[in-house]
$ cat query-v3.pdb   # PDB, C-alpha atoms
ATOM      1  CA  MET A  82       5.293  16.487   2.153
ATOM      2  CA  ARG A  83       2.406  14.288   3.283
ATOM      3  CA  THR A  84      -0.818  15.781   4.453
ATOM      4  CA  LEU A  85      -2.953  14.458   7.271
ATOM      5  CA  SER A  86      -5.708  13.583   4.818
ATOM      6  CA  ALA A  87      -3.736  11.053   2.763
ATOM      7  CA  ARG A  88      -5.688   8.946   0.286
ATOM      8  CA  TYR A  89      -4.325   5.823  -1.324
ATOM      9  CA  ASP A  90      -6.683   5.472  -4.261
ATOM     10  CA  THR A  91      -4.334   6.072  -7.196
ATOM     11  CA  ARG A  92      -1.493   3.949  -8.519
ATOM     12  CA  GLU A  93       0.927   6.848  -7.987
ATOM     13  CA  SER A  94       0.028   7.346  -4.321
ATOM     14  CA  LEU A  95       0.178   3.610  -3.637
ATOM     15  CA  VAL A  96       3.524   3.102  -5.383
ATOM     16  CA  ASP A  97       5.009   6.034  -3.456
ATOM     17  CA  ALA A  98       3.711   4.563  -0.198
ATOM     18  CA  LEU A  99       4.974   1.076  -1.098
ATOM     19  CA  LYS A 100       8.448   2.421  -1.846
ATOM     20  CA  GLU A 101       8.507   4.190   1.506
ATOM     21  CA  LEU A 102       7.240   1.156   3.413
ATOM     22  CA  ILE A 103       9.708  -1.151   1.645
ATOM     23  CA  ALA A 104      12.528   1.221   2.619
ATOM     24  CA  LEU A 105      11.298   0.992   6.228
ATOM     25  CA  GLN A 106      11.277  -2.830   5.904
ATOM     26  CA  VAL A 107       7.570  -3.139   6.665
ATOM     27  CA  PRO A 108       6.513  -6.757   5.938
ATOM     28  CA  ALA A 109       4.124  -7.174   2.993
ATOM     29  CA  GLU A 110       1.367  -8.526   5.242
ATOM     30  CA  HIS A 111       1.443  -5.284   7.268
ATOM     31  CA  VAL A 112       1.250  -2.859   4.336
ATOM     32  CA  ALA A 113      -2.551  -2.712   4.054
ATOM     33  CA  PRO A 114      -3.172  -2.323   7.804
ATOM     34  CA  VAL A 115      -0.534   0.412   8.052
ATOM     35  CA  LEU A 116      -1.963   2.356   5.118
ATOM     36  CA  CYS A 117      -5.520   1.947   6.405
ATOM     37  CA  THR A 118      -4.522   3.637   9.672
ATOM     38  CA  ILE A 119      -3.355   6.675   7.688
ATOM     39  CA  GLY A 120      -6.243   7.100   5.256
ATOM     40  CA  PRO A 121      -8.626   5.488   2.792
ATOM     41  CA  VAL A 122      -7.063   2.733   0.663
ATOM     42  CA  ASP A 123      -8.241   1.164  -2.588
ATOM     43  CA  LEU A 124      -7.396  -2.405  -1.559
ATOM     44  CA  ASP A 125      -7.913  -3.863  -5.043
ATOM     45  CA  LEU A 126      -5.490  -1.345  -6.535
ATOM     46  CA  LEU A 127      -3.071  -1.946  -3.638
ATOM     47  CA  ALA A 128      -3.121  -5.676  -4.406
ATOM     48  CA  ASP A 129      -2.373  -4.939  -8.071
ATOM     49  CA  CYS A 130       0.550  -2.669  -7.125
ATOM     50  CA  MET A 131       1.914  -5.189  -4.641
ATOM     51  CA  ASN A 132       1.638  -7.908  -7.290
ATOM     52  CA  ASP A 133       3.528  -5.667  -9.746
ATOM     53  CA  TYR A 134       6.336  -5.392  -7.175
ATOM     54  CA  HIS A 135       6.162  -9.159  -6.486
ATOM     55  CA  LEU A 136       5.259  -8.539  -2.853
ATOM     56  CA  ILE A 137       2.352 -10.998  -2.895
ATOM     57  CA  ASP A 138       1.704 -14.276  -4.657
ATOM     58  CA  ASN A 139      -1.970 -13.667  -5.360
ATOM     59  CA  HIS A 140      -4.427 -10.780  -5.639
ATOM     60  CA  SER A 141      -5.799 -10.819  -2.108
ATOM     61  CA  VAL A 142      -4.762  -8.318   0.547
ATOM     62  CA  ALA A 143      -6.554  -8.307   3.879
ATOM     63  CA  ALA A 144      -6.834  -5.164   5.934
TER      64      ALA A 144
END
$ encode --input "query-v3.pdb" --output "structure tokens"
Amino acid sequence: MRTLSARYDTRESLVDALKELIALQVPAEHVAPVLCTIGPVDLDLLADCMNDYHLIDNHSVAA
């Protein structure tokens, strides 16, 4: 169960969030803004995770 103080600063938390957002069909360009509305996000690590899942073509993710 998610808490109200979610943090997305580990690979595990980001991969879990990505899986959930993919299941909800959230477009890749909306992932960072959505996560940032929920809690703090390590954007560099998010870019790495999104690259691992082939959701982006480069390493830049804008919030």
$ closest_residue --input "query-v3.pdb" --among "A:Thr91, A:Val115, A:Leu99, A:Val107" --to "Tyr134 of chain A" --atoms "only C-alpha atoms"
A:Leu99
$ residues_around --input "query-v3.pdb" --residues "segment 117-120 of chain A" --least-positions-apart "2" --cutoff "7 Å" --atoms "only C-alpha atoms" --output "VMD selection string"
chain A and resid 86 to 89 113 to 115 122
$ atom_distance --input "query-v3.pdb" --atom1 "atom CA of Leu116 of chain A" --atom2 "atom CA of Arg92 of chain A"
13.7 Å
$ atom_distance --input "query-v3.pdb" --atom1 "atom CA of Asp97 of chain A" --atom2 "atom CA of Cys130 of chain A"
10.4 Å
$ closest_residue --input "query-v3.pdb" --among "A:Pro121, A:Leu102, A:Val96, A:Glu110" --to "Asp133 of chain A" --atoms "all atoms listed in the file"
A:Val96
$ closest_residue --input "query-v3.pdb" --among "A:Asp90, A:Ile137, A:Leu124, A:Asp129" --to "Pro108 of chain A" --atoms "all atoms listed in the file"
A:Ile137
$ closest_residue --input "query-v3.pdb" --among "A:Asp123, A:Ala109, A:Glu101, A:Ser94" --to "Leu136 of chain A" --atoms "all atoms listed in the file"
A:Ala109
$ build_atoms --input "query-v3.pdb" --residues "segment 116-136 of chain A" --atoms "N, CA and C atoms" --output "mmCIF file, keeping the file's coordinate frame"
data_model
loop_
_atom_site.group_PDB
_atom_site.id
_atom_site.type_symbol
_atom_site.label_atom_id
_atom_site.label_comp_id
_atom_site.auth_asym_id
_atom_site.auth_seq_id
_atom_site.Cartn_x
_atom_site.Cartn_y
_atom_site.Cartn_z
ATOM 1 N N LEU A 116 -1.377 1.310 5.961
ATOM 2 C CA LEU A 116 -1.963 2.356 5.118
ATOM 3 C C LEU A 116 -3.373 2.708 5.554
ATOM 4 N N CYS A 117 -4.134 1.704 5.969
ATOM 5 C CA CYS A 117 -5.520 1.947 6.405
ATOM 6 C C CYS A 117 -5.581 2.796 7.676
ATOM 7 N N THR A 118 -4.535 2.783 8.478
ATOM 8 C CA THR A 118 -4.522 3.637 9.672
ATOM 9 C C THR A 118 -4.247 5.089 9.308
ATOM 10 N N ILE A 119 -3.694 5.313 8.111
ATOM 11 C CA ILE A 119 -3.355 6.675 7.688
ATOM 12 C C ILE A 119 -4.502 7.320 6.921
ATOM 13 N N GLY A 120 -5.163 6.542 6.064
ATOM 14 C CA GLY A 120 -6.243 7.100 5.256
ATOM 15 C C GLY A 120 -6.919 6.026 4.435
ATOM 16 N N PRO A 121 -7.895 6.442 3.635
ATOM 17 C CA PRO A 121 -8.626 5.488 2.792
ATOM 18 C C PRO A 121 -7.702 4.827 1.770
ATOM 19 N N VAL A 122 -7.912 3.512 1.562
ATOM 20 C CA VAL A 122 -7.063 2.733 0.663
ATOM 21 C C VAL A 122 -7.940 1.952 -0.308
ATOM 22 N N ASP A 123 -7.598 2.015 -1.589
ATOM 23 C CA ASP A 123 -8.241 1.164 -2.588
ATOM 24 C C ASP A 123 -7.500 -0.175 -2.517
ATOM 25 N N LEU A 124 -8.080 -1.140 -1.812
ATOM 26 C CA LEU A 124 -7.396 -2.405 -1.559
ATOM 27 C C LEU A 124 -7.185 -3.229 -2.825
ATOM 28 N N ASP A 125 -8.103 -3.144 -3.780
ATOM 29 C CA ASP A 125 -7.913 -3.863 -5.043
ATOM 30 C C ASP A 125 -6.713 -3.304 -5.802
ATOM 31 N N LEU A 126 -6.614 -1.974 -5.857
ATOM 32 C CA LEU A 126 -5.490 -1.345 -6.535
ATOM 33 C C LEU A 126 -4.193 -1.608 -5.772
ATOM 34 N N LEU A 127 -4.249 -1.617 -4.441
ATOM 35 C CA LEU A 127 -3.071 -1.946 -3.638
ATOM 36 C C LEU A 127 -2.585 -3.355 -3.965
ATOM 37 N N ALA A 128 -3.491 -4.294 -4.068
ATOM 38 C CA ALA A 128 -3.121 -5.676 -4.406
ATOM 39 C C ALA A 128 -2.458 -5.730 -5.775
ATOM 40 N N ASP A 129 -2.984 -4.980 -6.737
ATOM 41 C CA ASP A 129 -2.373 -4.939 -8.071
ATOM 42 C C ASP A 129 -0.953 -4.378 -8.006
ATOM 43 N N CYS A 130 -0.771 -3.292 -7.257
ATOM 44 C CA CYS A 130 0.550 -2.669 -7.125
ATOM 45 C C CYS A 130 1.523 -3.605 -6.418
ATOM 46 N N MET A 131 1.053 -4.261 -5.367
ATOM 47 C CA MET A 131 1.914 -5.189 -4.641
ATOM 48 C C MET A 131 2.284 -6.377 -5.525
ATOM 49 N N ASN A 132 1.361 -6.821 -6.348
ATOM 50 C CA ASN A 132 1.638 -7.908 -7.290
ATOM 51 C C ASN A 132 2.677 -7.456 -8.320
ATOM 52 N N ASP A 133 2.559 -6.207 -8.789
ATOM 53 C CA ASP A 133 3.528 -5.667 -9.746
ATOM 54 C C ASP A 133 4.932 -5.657 -9.159
ATOM 55 N N TYR A 134 5.036 -5.418 -7.853
ATOM 56 C CA TYR A 134 6.336 -5.392 -7.175
ATOM 57 C C TYR A 134 6.711 -6.758 -6.603
ATOM 58 N N HIS A 135 5.915 -7.783 -6.940
ATOM 59 C CA HIS A 135 6.162 -9.159 -6.486
ATOM 60 C C HIS A 135 6.207 -9.261 -4.965
ATOM 61 N N LEU A 136 5.328 -8.501 -4.299
ATOM 62 C CA LEU A 136 5.259 -8.539 -2.853
ATOM 63 C C LEU A 136 4.234 -9.533 -2.352
#
